[in-house]
$ cat input-v3.cif   # mmCIF, C-alpha atoms
data_query
#
loop_
_atom_site.label_atom_id
_atom_site.label_comp_id
_atom_site.auth_asym_id
_atom_site.auth_seq_id
_atom_site.Cartn_x
_atom_site.Cartn_y
_atom_site.Cartn_z
CA THR A 1 116.11 23.36 128.18
CA TYR A 2 117.14 19.70 128.54
CA ARG A 3 116.63 20.04 132.30
CA TYR A 4 113.10 21.34 131.82
CA LEU A 5 112.29 18.57 129.34
CA GLY A 6 113.62 16.04 131.83
CA PHE A 7 111.36 17.53 134.48
CA ILE A 8 108.33 17.49 132.17
CA TYR A 9 108.87 13.86 131.22
CA GLU A 10 109.43 13.00 134.88
CA ASN A 11 106.07 14.55 135.78
CA GLU A 12 104.44 12.59 132.95
CA ASN A 13 106.01 9.43 134.41
CA ASN A 14 108.02 8.83 131.23
CA LEU A 15 111.14 8.17 133.25
CA LEU A 16 113.36 6.73 130.53
CA LYS A 17 112.83 9.85 128.42
CA SER A 18 113.36 11.98 131.52
CA ILE A 19 116.65 10.21 132.24
CA GLU A 20 117.75 10.87 128.67
CA PHE A 21 117.15 14.62 128.93
CA TYR A 22 118.56 14.90 132.46
CA SER A 23 121.70 13.07 131.29
CA ASN A 24 122.12 15.54 128.44
CA SER A 25 121.66 18.48 130.78
CA LEU A 26 124.12 16.97 133.29
CA GLU A 27 126.81 16.90 130.63
CA ILE A 28 126.19 20.55 129.78
CA PHE A 29 126.01 21.79 133.39
CA THR A 30 129.19 19.89 134.25
CA LYS A 31 131.05 21.53 131.37
CA LEU A 32 129.70 24.94 132.40
CA ASN A 33 130.63 24.26 136.02
CA ASP A 34 127.08 25.17 137.05
CA ILE A 35 127.19 23.44 140.41
CA GLU A 36 123.63 24.16 141.60
CA LYS A 37 122.00 22.88 138.42
CA THR A 38 124.34 19.89 138.40
CA ALA A 39 123.19 18.99 141.91
CA PHE A 40 119.53 19.34 140.91
CA VAL A 41 119.98 17.04 137.92
CA LEU A 42 121.97 14.46 139.87
CA SER A 43 119.24 14.37 142.50
CA HIS A 44 116.48 13.90 139.94
CA LEU A 45 118.44 11.20 138.11
CA GLY A 46 118.75 9.41 141.44
CA GLY A 47 115.01 9.67 141.94
CA ASN A 48 114.19 8.45 138.47
CA TYR A 49 116.46 5.45 138.78
CA PHE A 50 114.95 4.70 142.18
CA THR A 51 111.45 4.77 140.72
CA ILE A 52 112.38 2.27 137.99
CA SER A 53 114.02 0.07 140.68
CA ASN A 54 117.60 0.55 139.52
CA TYR A 55 118.86 1.05 143.06
CA LYS A 56 122.54 0.80 142.17
CA LEU A 57 122.38 3.76 139.79
CA SER A 58 120.01 5.60 142.09
CA LEU A 59 122.51 5.34 144.93
CA GLU A 60 125.34 6.42 142.64
CA PHE A 61 123.54 9.58 141.57
CA TYR A 62 122.29 10.38 145.07
CA LYS A 63 125.84 10.12 146.44
CA LYS A 64 127.11 12.45 143.73
CA ALA A 65 124.29 14.89 144.48
CA LEU A 66 125.09 14.70 148.18
CA ASN A 67 128.73 15.59 147.52
CA VAL A 68 127.72 18.60 145.46
CA TYR A 69 125.18 19.79 148.04
CA GLU A 70 127.88 19.43 150.73
CA GLU A 71 130.17 21.59 148.60
CA LEU A 72 127.39 24.17 148.31
CA GLY A 73 126.61 24.00 152.03
CA ASN A 74 122.95 23.28 151.27
CA ASN A 75 121.92 21.48 154.47
CA ILE A 76 118.26 21.14 153.49
CA GLU A 77 119.05 19.28 150.27
CA MET A 78 121.73 17.25 152.02
CA ALA A 79 119.15 16.05 154.56
CA ARG A 80 116.69 15.21 151.80
CA ILE A 81 119.29 13.19 149.86
CA ILE A 82 120.51 11.38 152.99
CA GLY A 83 116.92 10.36 153.67
CA ARG A 84 116.56 8.98 150.17
CA ILE A 85 119.84 7.09 150.46
CA GLY A 86 118.53 5.62 153.71
CA VAL A 87 115.44 4.33 151.92
CA ILE A 88 117.66 2.49 149.42
CA TYR A 89 119.56 0.74 152.19
#
$ encode --input "input-v3.cif" --output "structure tokens"
Amino acid sequence: TYRYLGFIYENENNLLKSIEFYSNSLEIFTKLNDIEKTAFVLSHLGGNYFTISNYKLSLEFYKKALNVYEELGNNIEMARIIGRIGVIY
């Protein structure tokens, strides 16, 4: 449910609260080895940090998400993340 709360707060533009819940869910999904949900959360953390202009952390999370999407062979999400990384640079 942390992931859903992160998503809700993200949609309400309460990004610091969203980051808090996404970070909690990331810890859980990592321990559970739930790769798809981990990638989702990493991507959204990257987006939230981008929105609050923390480009260093945004890039860090986007690169982690990209690695996971590569592992999953998800070309669509890989392209999306590469585009977002390009915007940072």
$ atom_distance --input "input-v3.cif" --atom1 "atom CA of Lys31 of chain A" --atom2 "atom CA of Tyr2 of chain A"
14.3 Å
$ residues_near_point --input "input-v3.cif" --point "(118.3, 22.0, 130.9)" --cutoff "8 Å" --atoms "all atoms listed in the file" --output "list of chain:residue names"
A:Thr1, A:Tyr2, A:Arg3, A:Tyr4, A:Leu5, A:Gly6, A:Phe21, A:Tyr22, A:Asn24, A:Ser25
$ residues_around --input "input-v3.cif" --residues "Tyr89 of chain A" --least-positions-apart "2" --cutoff "10 Å" --atoms "only C-alpha atoms" --output "PyMOL selection string"
chain A and resi 55+59+84-87
$ closest_residue --input "input-v3.cif" --among "A:Leu15, A:Asn48, A:Ile81, A:Tyr9" --to "Lys64 of chain A" --atoms "only C-alpha atoms"
A:Ile81
$ atom_distance --input "input-v3.cif" --atom1 "atom CA of Ala39 of chain A" --atom2 "atom CA of Ala65 of chain A"
5.0 Å
$ closest_residue --input "input-v3.cif" --among "A:Leu57, A:Ile88, A:Leu45, A:Ile35" --to "Gly73 of chain A" --atoms "all atoms listed in the file"
A:Ile35
$ atom_distance --input "input-v3.cif" --atom1 "atom CA of Asp34 of chain A" --atom2 "atom CA of Tyr69 of chain A"
12.4 Å
$ residues_around --input "input-v3.cif" --residues "Gly46 of chain A" --least-positions-apart "6" --cutoff "6 Å" --atoms "only C-alpha atoms" --output "PyMOL selection string"
chain A and resi 58+61-62
$ closest_residue --input "input-v3.cif" --among "A:Thr51, A:Thr30, A:Ser43, A:Thr38" --to "Asn13 of chain A" --atoms "all atoms listed in the file"
A:Thr51
$ decode --input "input-v3.cif" --residues "segment 45-67 of chain A" --atoms "N, CA, C and O atoms" --output "PDB file, in the first residue's frame"
ATOM      1  N   LEU A  45      10.258   7.724  -8.261  1.00  0.00           N
ATOM      2  CA  LEU A  45      11.156   8.517  -7.415  1.00  0.00           C
ATOM      3  C   LEU A  45      11.995   9.455  -8.279  1.00  0.00           C
ATOM      4  O   LEU A  45      12.174  10.627  -7.939  1.00  0.00           O
ATOM      5  N   GLY A  46      12.485   8.951  -9.400  1.00  0.00           N
ATOM      6  CA  GLY A  46      13.230   9.803 -10.324  1.00  0.00           C
ATOM      7  C   GLY A  46      12.400  10.983 -10.796  1.00  0.00           C
ATOM      8  O   GLY A  46      12.880  12.116 -10.846  1.00  0.00           O
ATOM      9  N   GLY A  47      11.149  10.721 -11.117  1.00  0.00           N
ATOM     10  CA  GLY A  47      10.263  11.793 -11.564  1.00  0.00           C
ATOM     11  C   GLY A  47       9.965  12.808 -10.485  1.00  0.00           C
ATOM     12  O   GLY A  47       9.941  14.021 -10.741  1.00  0.00           O
ATOM     13  N   ASN A  48       9.752  12.326  -9.278  1.00  0.00           N
ATOM     14  CA  ASN A  48       9.480  13.250  -8.170  1.00  0.00           C
ATOM     15  C   ASN A  48      10.682  14.133  -7.875  1.00  0.00           C
ATOM     16  O   ASN A  48      10.543  15.344  -7.670  1.00  0.00           O
ATOM     17  N   TYR A  49      11.855  13.526  -7.849  1.00  0.00           N
ATOM     18  CA  TYR A  49      13.054  14.333  -7.600  1.00  0.00           C
ATOM     19  C   TYR A  49      13.302  15.323  -8.735  1.00  0.00           C
ATOM     20  O   TYR A  49      13.745  16.446  -8.500  1.00  0.00           O
ATOM     21  N   PHE A  50      12.989  14.922  -9.960  1.00  0.00           N
ATOM     22  CA  PHE A  50      13.114  15.851 -11.078  1.00  0.00           C
ATOM     23  C   PHE A  50      12.188  17.056 -10.882  1.00  0.00           C
ATOM     24  O   PHE A  50      12.589  18.206 -11.065  1.00  0.00           O
ATOM     25  N   THR A  51      10.966  16.792 -10.499  1.00  0.00           N
ATOM     26  CA  THR A  51       9.973  17.849 -10.336  1.00  0.00           C
ATOM     27  C   THR A  51      10.366  18.849  -9.254  1.00  0.00           C
ATOM     28  O   THR A  51      10.086  20.042  -9.374  1.00  0.00           O
ATOM     29  N   ILE A  52      11.040  18.369  -8.201  1.00  0.00           N
ATOM     30  CA  ILE A  52      11.477  19.298  -7.144  1.00  0.00           C
ATOM     31  C   ILE A  52      12.898  19.820  -7.411  1.00  0.00           C
ATOM     32  O   ILE A  52      13.531  20.383  -6.534  1.00  0.00           O
ATOM     33  N   SER A  53      13.375  19.598  -8.630  1.00  0.00           N
ATOM     34  CA  SER A  53      14.661  20.127  -9.115  1.00  0.00           C
ATOM     35  C   SER A  53      15.884  19.534  -8.428  1.00  0.00           C
ATOM     36  O   SER A  53      16.937  20.168  -8.372  1.00  0.00           O
ATOM     37  N   ASN A  54      15.751  18.321  -7.914  1.00  0.00           N
ATOM     38  CA  ASN A  54      16.918  17.619  -7.384  1.00  0.00           C
ATOM     39  C   ASN A  54      17.384  16.667  -8.485  1.00  0.00           C
ATOM     40  O   ASN A  54      17.087  15.480  -8.490  1.00  0.00           O
ATOM     41  N   TYR A  55      18.114  17.240  -9.454  1.00  0.00           N
ATOM     42  CA  TYR A  55      18.473  16.497 -10.655  1.00  0.00           C
ATOM     43  C   TYR A  55      19.474  15.382 -10.386  1.00  0.00           C
ATOM     44  O   TYR A  55      19.461  14.364 -11.067  1.00  0.00           O
ATOM     45  N   LYS A  56      20.309  15.575  -9.392  1.00  0.00           N
ATOM     46  CA  LYS A  56      21.293  14.532  -9.052  1.00  0.00           C
ATOM     47  C   LYS A  56      20.581  13.255  -8.597  1.00  0.00           C
ATOM     48  O   LYS A  56      20.876  12.166  -9.089  1.00  0.00           O
ATOM     49  N   LEU A  57      19.638  13.393  -7.664  1.00  0.00           N
ATOM     50  CA  LEU A  57      18.904  12.209  -7.201  1.00  0.00           C
ATOM     51  C   LEU A  57      17.972  11.680  -8.282  1.00  0.00           C
ATOM     52  O   LEU A  57      17.799  10.466  -8.413  1.00  0.00           O
ATOM     53  N   SER A  58      17.400  12.575  -9.060  1.00  0.00           N
ATOM     54  CA  SER A  58      16.548  12.142 -10.161  1.00  0.00           C
ATOM     55  C   SER A  58      17.327  11.241 -11.105  1.00  0.00           C
ATOM     56  O   SER A  58      16.868  10.147 -11.465  1.00  0.00           O
ATOM     57  N   LEU A  59      18.487  11.674 -11.493  1.00  0.00           N
ATOM     58  CA  LEU A  59      19.335  10.897 -12.399  1.00  0.00           C
ATOM     59  C   LEU A  59      19.712   9.556 -11.775  1.00  0.00           C
ATOM     60  O   LEU A  59      19.692   8.515 -12.445  1.00  0.00           O
ATOM     61  N   GLU A  60      20.029   9.573 -10.504  1.00  0.00           N
ATOM     62  CA  GLU A  60      20.395   8.341  -9.799  1.00  0.00           C
ATOM     63  C   GLU A  60      19.262   7.314  -9.859  1.00  0.00           C
ATOM     64  O   GLU A  60      19.484   6.150 -10.180  1.00  0.00           O
ATOM     65  N   PHE A  61      18.045   7.763  -9.555  1.00  0.00           N
ATOM     66  CA  PHE A  61      16.922   6.838  -9.561  1.00  0.00           C
ATOM     67  C   PHE A  61      16.539   6.413 -10.973  1.00  0.00           C
ATOM     68  O   PHE A  61      16.184   5.250 -11.201  1.00  0.00           O
ATOM     69  N   TYR A  62      16.618   7.331 -11.925  1.00  0.00           N
ATOM     70  CA  TYR A  62      16.322   6.953 -13.315  1.00  0.00           C
ATOM     71  C   TYR A  62      17.319   5.913 -13.829  1.00  0.00           C
ATOM     72  O   TYR A  62      16.937   4.972 -14.517  1.00  0.00           O
ATOM     73  N   LYS A  63      18.587   6.068 -13.491  1.00  0.00           N
ATOM     74  CA  LYS A  63      19.588   5.087 -13.937  1.00  0.00           C
ATOM     75  C   LYS A  63      19.328   3.718 -13.314  1.00  0.00           C
ATOM     76  O   LYS A  63      19.469   2.684 -13.973  1.00  0.00           O
ATOM     77  N   LYS A  64      18.941   3.706 -12.051  1.00  0.00           N
ATOM     78  CA  LYS A  64      18.605   2.428 -11.406  1.00  0.00           C
ATOM     79  C   LYS A  64      17.382   1.803 -12.066  1.00  0.00           C
ATOM     80  O   LYS A  64      17.355   0.595 -12.312  1.00  0.00           O
ATOM     81  N   ALA A  65      16.378   2.635 -12.355  1.00  0.00           N
ATOM     82  CA  ALA A  65      15.176   2.127 -13.027  1.00  0.00           C
ATOM     83  C   ALA A  65      15.531   1.575 -14.398  1.00  0.00           C
ATOM     84  O   ALA A  65      15.045   0.512 -14.791  1.00  0.00           O
ATOM     85  N   LEU A  66      16.379   2.282 -15.122  1.00  0.00           N
ATOM     86  CA  LEU A  66      16.796   1.834 -16.442  1.00  0.00           C
ATOM     87  C   LEU A  66      17.458   0.464 -16.372  1.00  0.00           C
ATOM     88  O   LEU A  66      17.165  -0.423 -17.178  1.00  0.00           O
ATOM     89  N   ASN A  67      18.330   0.270 -15.400  1.00  0.00           N
ATOM     90  CA  ASN A  67      18.993  -1.028 -15.240  1.00  0.00           C
ATOM     91  C   ASN A  67      17.989  -2.145 -14.987  1.00  0.00           C
ATOM     92  O   ASN A  67      18.114  -3.244 -15.543  1.00  0.00           O
TER      93      ASN A  67
END
